[in-house]
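What follows is the content of input.pdb (PDB, C-alpha atoms, pLDDT in the B column).
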MODEL        1
ATOM      1  CA  PRO A   1      99.362  55.476  50.931  1.00 66.00           C
ATOM      2  CA  VAL A   2     102.088  55.349  53.622  1.00 80.00           C
ATOM      3  CA  GLU A   3     104.982  57.761  53.863  1.00 87.00           C
ATOM      4  CA  LEU A   4     107.857  57.463  56.310  1.00 87.00           C
ATOM      5  CA  ILE A   5     109.935  60.443  57.405  1.00 92.00           C
ATOM      6  CA  ALA A   6     112.615  60.334  60.081  1.00 94.00           C
ATOM      7  CA  VAL A   7     113.203  63.403  62.215  1.00 95.00           C
ATOM      8  CA  ALA A   8     116.587  63.760  63.890  1.00 95.00           C
ATOM      9  CA  MET A   9     116.491  65.462  67.268  1.00 95.00           C
ATOM     10  CA  GLN A  10     117.873  68.902  67.953  1.00 94.00           C
ATOM     11  CA  TYR A  11     120.811  67.435  69.879  1.00 93.00           C
ATOM     12  CA  ASP A  12     121.875  65.160  66.980  1.00 94.00           C
ATOM     13  CA  SER A  13     124.739  66.543  64.909  1.00 94.00           C
ATOM     14  CA  GLU A  14     124.120  66.849  61.188  1.00 95.00           C
ATOM     15  CA  GLN A  15     127.314  64.908  60.463  1.00 97.00           C
ATOM     16  CA  TYR A  16     126.198  61.997  62.673  1.00 95.00           C
ATOM     17  CA  VAL A  17     122.711  61.923  61.141  1.00 95.00           C
ATOM     18  CA  ARG A  18     123.956  61.975  57.546  1.00 95.00           C
ATOM     19  CA  HIS A  19     126.532  59.261  58.286  1.00 96.00           C
ATOM     20  CA  TYR A  20     123.873  57.102  59.985  1.00 94.00           C
ATOM     21  CA  GLN A  21     121.485  57.640  57.069  1.00 94.00           C
ATOM     22  CA  GLN A  22     124.094  56.623  54.484  1.00 95.00           C
ATOM     23  CA  ALA A  23     125.608  53.755  56.492  1.00 96.00           C
ATOM     24  CA  ASN A  24     122.180  52.208  57.070  1.00 93.00           C
ATOM     25  CA  GLN A  25     120.838  53.049  53.608  1.00 94.00           C
ATOM     26  CA  LEU A  26     117.599  54.401  55.033  1.00 91.00           C
ATOM     27  CA  PRO A  27     114.886  54.203  52.350  1.00 92.00           C
ATOM     28  CA  PHE A  28     113.129  57.350  53.559  1.00 91.00           C
ATOM     29  CA  PRO A  29     114.033  61.010  54.029  1.00 93.00           C
ATOM     30  CA  VAL A  30     115.620  62.261  57.236  1.00 95.00           C
ATOM     31  CA  VAL A  31     114.828  65.770  58.453  1.00 95.00           C
ATOM     32  CA  LEU A  32     117.073  67.667  60.871  1.00 95.00           C
ATOM     33  CA  ASP A  33     115.032  69.353  63.608  1.00 96.00           C
ATOM     34  CA  GLN A  34     117.754  71.901  64.359  1.00 94.00           C
ATOM     35  CA  LYS A  35     115.590  74.213  66.477  1.00 95.00           C
ATOM     36  CA  GLY A  36     113.428  71.525  68.117  1.00 95.00           C
ATOM     37  CA  ASP A  37     110.262  72.890  66.492  1.00 96.00           C
ATOM     38  CA  ILE A  38     109.087  69.548  65.127  1.00 94.00           C
ATOM     39  CA  ALA A  39     109.615  67.745  68.437  1.00 94.00           C
ATOM     40  CA  HIS A  40     107.691  70.509  70.194  1.00 94.00           C
ATOM     41  CA  GLN A  41     104.749  70.282  67.763  1.00 92.00           C
ATOM     42  CA  PHE A  42     104.335  66.604  68.567  1.00 88.00           C
ATOM     43  CA  GLY A  43     104.092  66.924  72.335  1.00 87.00           C
ATOM     44  CA  ASP A  44     107.608  68.067  73.154  1.00 92.00           C
ATOM     45  CA  ILE A  45     109.273  64.748  72.283  1.00 93.00           C
ATOM     46  CA  LYS A  46     112.565  64.320  74.115  1.00 90.00           C
ATOM     47  CA  LEU A  47     113.392  60.623  73.721  1.00 89.00           C
ATOM     48  CA  THR A  48     114.168  58.549  70.678  1.00 90.00           C
ATOM     49  CA  PRO A  49     113.069  56.542  69.005  1.00 91.00           C
ATOM     50  CA  THR A  50     109.558  57.913  69.035  1.00 92.00           C
ATOM     51  CA  LEU A  51     107.253  56.916  66.207  1.00 91.00           C
ATOM     52  CA  VAL A  52     104.211  59.068  65.441  1.00 91.00           C
ATOM     53  CA  MET A  53     101.542  57.872  63.025  1.00 89.00           C
ATOM     54  CA  ILE A  54      99.559  60.677  61.414  1.00 89.00           C
ATOM     55  CA  ASP A  55      96.461  60.245  59.275  1.00 84.00           C
ATOM     56  CA  PRO A  56      95.958  62.094  55.963  1.00 82.00           C
ATOM     57  CA  HIS A  57      94.104  64.856  57.856  1.00 85.00           C
ATOM     58  CA  GLY A  58      97.062  65.583  60.136  1.00 85.00           C
ATOM     59  CA  ASN A  59      95.651  63.860  63.225  1.00 87.00           C
ATOM     60  CA  ILE A  60      97.967  61.823  65.444  1.00 89.00           C
ATOM     61  CA  ILE A  61      96.463  58.348  65.532  1.00 88.00           C
ATOM     62  CA  GLN A  62      99.198  56.385  67.288  1.00 89.00           C
ATOM     63  CA  GLN A  63     102.423  57.140  69.107  1.00 91.00           C
ATOM     64  CA  TYR A  64     105.103  54.639  70.129  1.00 92.00           C
ATOM     65  CA  LEU A  65     108.049  55.333  72.436  1.00 92.00           C
ATOM     66  CA  GLY A  66     110.999  53.003  71.989  1.00 91.00           C
ATOM     67  CA  GLU A  67     111.602  50.348  69.398  1.00 90.00           C
ATOM     68  CA  VAL A  68     108.532  49.059  67.605  1.00 90.00           C
ATOM     69  CA  ASN A  69     108.128  45.438  66.596  1.00 90.00           C
ATOM     70  CA  PRO A  70     107.991  45.494  62.768  1.00 89.00           C
ATOM     71  CA  ALA A  71     105.122  42.975  62.730  1.00 92.00           C
ATOM     72  CA  THR A  72     103.093  45.162  65.113  1.00 90.00           C
ATOM     73  CA  LEU A  73     103.768  48.208  62.982  1.00 89.00           C
ATOM     74  CA  ARG A  74     102.831  46.401  59.778  1.00 90.00           C
ATOM     75  CA  GLU A  75      99.594  45.160  61.358  1.00 92.00           C
ATOM     76  CA  LYS A  76      98.654  48.710  62.412  1.00 89.00           C
ATOM     77  CA  ILE A  77      99.440  50.091  58.955  1.00 88.00           C
ATOM     78  CA  ASP A  78      97.392  47.355  57.287  1.00 90.00           C
ATOM     79  CA  GLN A  79      94.446  48.158  59.604  1.00 87.00           C
ATOM     80  CA  LEU A  80      94.630  51.837  58.706  1.00 84.00           C
ATOM     81  CA  ILE A  81      94.837  51.171  54.988  1.00 84.00           C
ATOM     82  CA  GLN A  82      91.783  48.906  55.113  1.00 86.00           C
ATOM     83  CA  SER A  83      89.651  51.356  57.082  1.00 78.00           C
TER
ENDMDL
END

Since I need it in another form, could you write the structure as structure tokens?
Amino acid sequence: PVELIAVAMQYDSEQYVRHYQQANQLPFPVVLDQKGDIAHQFGDIKLTPTLVMIDPHGNIIQQYLGEVNPATLREKIDQLIQS
């Protein structure tokens, strides 16, 4: 019930993003936001990392700026799955 998608910022080069994705063997898709449209739709995000949790209805339910503790993230996901 959980899907992860990374969105690279408009200022990130495609070559850098693809190299990072391969070098770190990211287990989720990475989208290039070449025009900045995605960042704009989520409140004009300018800093990374920014994590946005969206429910199945498209509502933003949580937003984190900066690195997220994996245990905190897992706890939040578990809460959402159980509710």

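Candidate residues A:Ile81, A:Leu4, A:Asn69, A:Tyr11 were compared for distance to A:Lys35, and the nearest is A:Tyr11, using only C-alpha atoms.
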
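Comparing A:Ala8, A:Thr72, A:Asp37, A:Val52 by their smallest distance to A:Gln21, the closest is A:Ala8 (using all atoms listed in the file).
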
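Here the question is which of A:Gln79, A:Thr48, A:Gln22, A:Gln15 gets nearest to A:Ile61 using all atoms listed in the file, and that residue is A:Gln79.
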
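Pairwise distance (atom CA of A:Lys76, atom CA of A:Ala23) equals 28.1 Å.
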
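Look at A:Ala6: the protein and nucleic acid residues within 8 Å of it, using all atoms listed in the file and passing over chain neighbours fewer than 4 places away, are Phe28, Pro29, Val30 and Val31 of chain A.
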
Review point. When distances are computed from only C-alpha atoms, which of A:Arg18, A:Leu80, A:Asn24, A:Asp44 shows the smallest separation from A:Pro56?
Key: A:Leu80

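Among A:Pro27, A:Val2, A:Arg74, A:Gly58, the residue with the shortest atom-to-atom distance to A:Gln41, counting all atoms listed in the file, is A:Gly58.
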
Point to revise | For atom CA of A:Gln63 and atom CA of A:Leu47, the interatomic separation in Å (one decimal) | key: 12.4 Å

Review point. Is there a way to get, as a PyMOL selection string, all residues within 9 Å of the point (113.5, 70.5, 70.7) in file coordinates, counting all atoms listed in the file?
Key: chain A and resi 9-11+33-40+44-46

Starting from the sparse input, extend stretch 61-72 of chain A to all heavy atoms and give the output as a PDB file, in the coordinates of the input.
ATOM      1  N   ILE A  61      97.322  59.493  65.262  1.00 88.00           N
ATOM      2  CA  ILE A  61      96.463  58.348  65.532  1.00 88.00           C
ATOM      3  C   ILE A  61      97.151  57.288  66.394  1.00 88.00           C
ATOM      4  O   ILE A  61      96.487  56.445  66.981  1.00 88.00           O
ATOM      5  CB  ILE A  61      95.942  57.713  64.233  1.00 88.00           C
ATOM      6  CG1 ILE A  61      97.097  57.395  63.288  1.00 88.00           C
ATOM      7  CG2 ILE A  61      94.951  58.631  63.555  1.00 88.00           C
ATOM      8  CD1 ILE A  61      96.681  56.640  62.052  1.00 88.00           C
ATOM      9  N   GLN A  62      98.471  57.342  66.468  1.00 89.00           N
ATOM     10  CA  GLN A  62      99.198  56.385  67.288  1.00 89.00           C
ATOM     11  C   GLN A  62     100.580  56.950  67.568  1.00 89.00           C
ATOM     12  O   GLN A  62     101.165  57.613  66.715  1.00 89.00           O
ATOM     13  CB  GLN A  62      99.345  55.050  66.546  1.00 89.00           C
ATOM     14  CG  GLN A  62      99.954  53.943  67.354  1.00 89.00           C
ATOM     15  CD  GLN A  62      99.001  53.330  68.351  1.00 89.00           C
ATOM     16  OE1 GLN A  62      97.831  53.124  68.055  1.00 89.00           O
ATOM     17  NE2 GLN A  62      99.482  53.053  69.538  1.00 89.00           N
ATOM     18  N   GLN A  63     101.085  56.704  68.755  1.00 91.00           N
ATOM     19  CA  GLN A  63     102.423  57.140  69.107  1.00 91.00           C
ATOM     20  C   GLN A  63     103.105  56.016  69.883  1.00 91.00           C
ATOM     21  O   GLN A  63     102.517  55.439  70.787  1.00 91.00           O
ATOM     22  CB  GLN A  63     102.379  58.419  69.942  1.00 91.00           C
ATOM     23  CG  GLN A  63     103.731  59.043  70.146  1.00 91.00           C
ATOM     24  CD  GLN A  63     103.637  60.472  70.659  1.00 91.00           C
ATOM     25  OE1 GLN A  63     102.574  61.084  70.648  1.00 91.00           O
ATOM     26  NE2 GLN A  63     104.737  61.000  71.106  1.00 91.00           N
ATOM     27  N   TYR A  64     104.321  55.683  69.482  1.00 92.00           N
ATOM     28  CA  TYR A  64     105.103  54.639  70.129  1.00 92.00           C
ATOM     29  C   TYR A  64     106.397  55.255  70.655  1.00 92.00           C
ATOM     30  O   TYR A  64     107.064  55.995  69.938  1.00 92.00           O
ATOM     31  CB  TYR A  64     105.494  53.539  69.139  1.00 92.00           C
ATOM     32  CG  TYR A  64     104.340  52.819  68.489  1.00 92.00           C
ATOM     33  CD1 TYR A  64     103.842  53.232  67.256  1.00 92.00           C
ATOM     34  CD2 TYR A  64     103.779  51.694  69.084  1.00 92.00           C
ATOM     35  CE1 TYR A  64     102.801  52.554  66.641  1.00 92.00           C
ATOM     36  CE2 TYR A  64     102.744  51.004  68.468  1.00 92.00           C
ATOM     37  CZ  TYR A  64     102.255  51.446  67.247  1.00 92.00           C
ATOM     38  OH  TYR A  64     101.227  50.768  66.637  1.00 92.00           O
ATOM     39  N   LEU A  65     106.777  54.913  71.871  1.00 92.00           N
ATOM     40  CA  LEU A  65     108.049  55.333  72.436  1.00 92.00           C
ATOM     41  C   LEU A  65     108.924  54.096  72.556  1.00 92.00           C
ATOM     42  O   LEU A  65     108.513  53.088  73.130  1.00 92.00           O
ATOM     43  CB  LEU A  65     107.859  55.979  73.808  1.00 92.00           C
ATOM     44  CG  LEU A  65     109.125  56.408  74.530  1.00 92.00           C
ATOM     45  CD1 LEU A  65     109.911  57.419  73.708  1.00 92.00           C
ATOM     46  CD2 LEU A  65     108.788  56.989  75.889  1.00 92.00           C
ATOM     47  N   GLY A  66     110.103  54.152  71.995  1.00 91.00           N
ATOM     48  CA  GLY A  66     110.999  53.003  71.989  1.00 91.00           C
ATOM     49  C   GLY A  66     110.888  52.237  70.687  1.00 91.00           C
ATOM     50  O   GLY A  66     110.166  52.626  69.773  1.00 91.00           O
ATOM     51  N   GLU A  67     111.614  51.151  70.618  1.00 90.00           N
ATOM     52  CA  GLU A  67     111.602  50.348  69.398  1.00 90.00           C
ATOM     53  C   GLU A  67     110.238  49.697  69.209  1.00 90.00           C
ATOM     54  O   GLU A  67     109.616  49.264  70.167  1.00 90.00           O
ATOM     55  CB  GLU A  67     112.684  49.282  69.448  1.00 90.00           C
ATOM     56  CG  GLU A  67     114.077  49.865  69.343  1.00 90.00           C
ATOM     57  CD  GLU A  67     115.139  48.801  69.190  1.00 90.00           C
ATOM     58  OE1 GLU A  67     114.883  47.778  68.523  1.00 90.00           O
ATOM     59  OE2 GLU A  67     116.213  49.007  69.755  1.00 90.00           O
ATOM     60  N   VAL A  68     109.827  49.648  67.949  1.00 90.00           N
ATOM     61  CA  VAL A  68     108.532  49.059  67.605  1.00 90.00           C
ATOM     62  C   VAL A  68     108.774  47.742  66.873  1.00 90.00           C
ATOM     63  O   VAL A  68     109.600  47.683  65.956  1.00 90.00           O
ATOM     64  CB  VAL A  68     107.716  50.017  66.704  1.00 90.00           C
ATOM     65  CG1 VAL A  68     106.390  49.400  66.322  1.00 90.00           C
ATOM     66  CG2 VAL A  68     107.516  51.351  67.387  1.00 90.00           C
ATOM     67  N   ASN A  69     108.058  46.716  67.284  1.00 90.00           N
ATOM     68  CA  ASN A  69     108.128  45.438  66.596  1.00 90.00           C
ATOM     69  C   ASN A  69     107.621  45.642  65.165  1.00 90.00           C
ATOM     70  O   ASN A  69     106.510  46.127  64.969  1.00 90.00           O
ATOM     71  CB  ASN A  69     107.261  44.428  67.352  1.00 90.00           C
ATOM     72  CG  ASN A  69     107.229  43.082  66.691  1.00 90.00           C
ATOM     73  OD1 ASN A  69     107.006  42.946  65.497  1.00 90.00           O
ATOM     74  ND2 ASN A  69     107.432  42.056  67.490  1.00 90.00           N
ATOM     75  N   PRO A  70     108.424  45.282  64.161  1.00 89.00           N
ATOM     76  CA  PRO A  70     107.991  45.494  62.768  1.00 89.00           C
ATOM     77  C   PRO A  70     106.662  44.828  62.438  1.00 89.00           C
ATOM     78  O   PRO A  70     105.858  45.384  61.686  1.00 89.00           O
ATOM     79  CB  PRO A  70     109.134  44.885  61.947  1.00 89.00           C
ATOM     80  CG  PRO A  70     110.318  44.958  62.846  1.00 89.00           C
ATOM     81  CD  PRO A  70     109.779  44.757  64.233  1.00 89.00           C
ATOM     82  N   ALA A  71     106.395  43.658  63.000  1.00 92.00           N
ATOM     83  CA  ALA A  71     105.122  42.975  62.730  1.00 92.00           C
ATOM     84  C   ALA A  71     103.949  43.768  63.308  1.00 92.00           C
ATOM     85  O   ALA A  71     102.895  43.886  62.678  1.00 92.00           O
ATOM     86  CB  ALA A  71     105.148  41.564  63.305  1.00 92.00           C
ATOM     87  N   THR A  72     104.136  44.334  64.492  1.00 90.00           N
ATOM     88  CA  THR A  72     103.093  45.162  65.113  1.00 90.00           C
ATOM     89  C   THR A  72     102.834  46.400  64.269  1.00 90.00           C
ATOM     90  O   THR A  72     101.687  46.783  64.038  1.00 90.00           O
ATOM     91  CB  THR A  72     103.519  45.581  66.536  1.00 90.00           C
ATOM     92  OG1 THR A  72     103.741  44.407  67.312  1.00 90.00           O
ATOM     93  CG2 THR A  72     102.474  46.453  67.202  1.00 90.00           C
TER      94      THR A  72
END
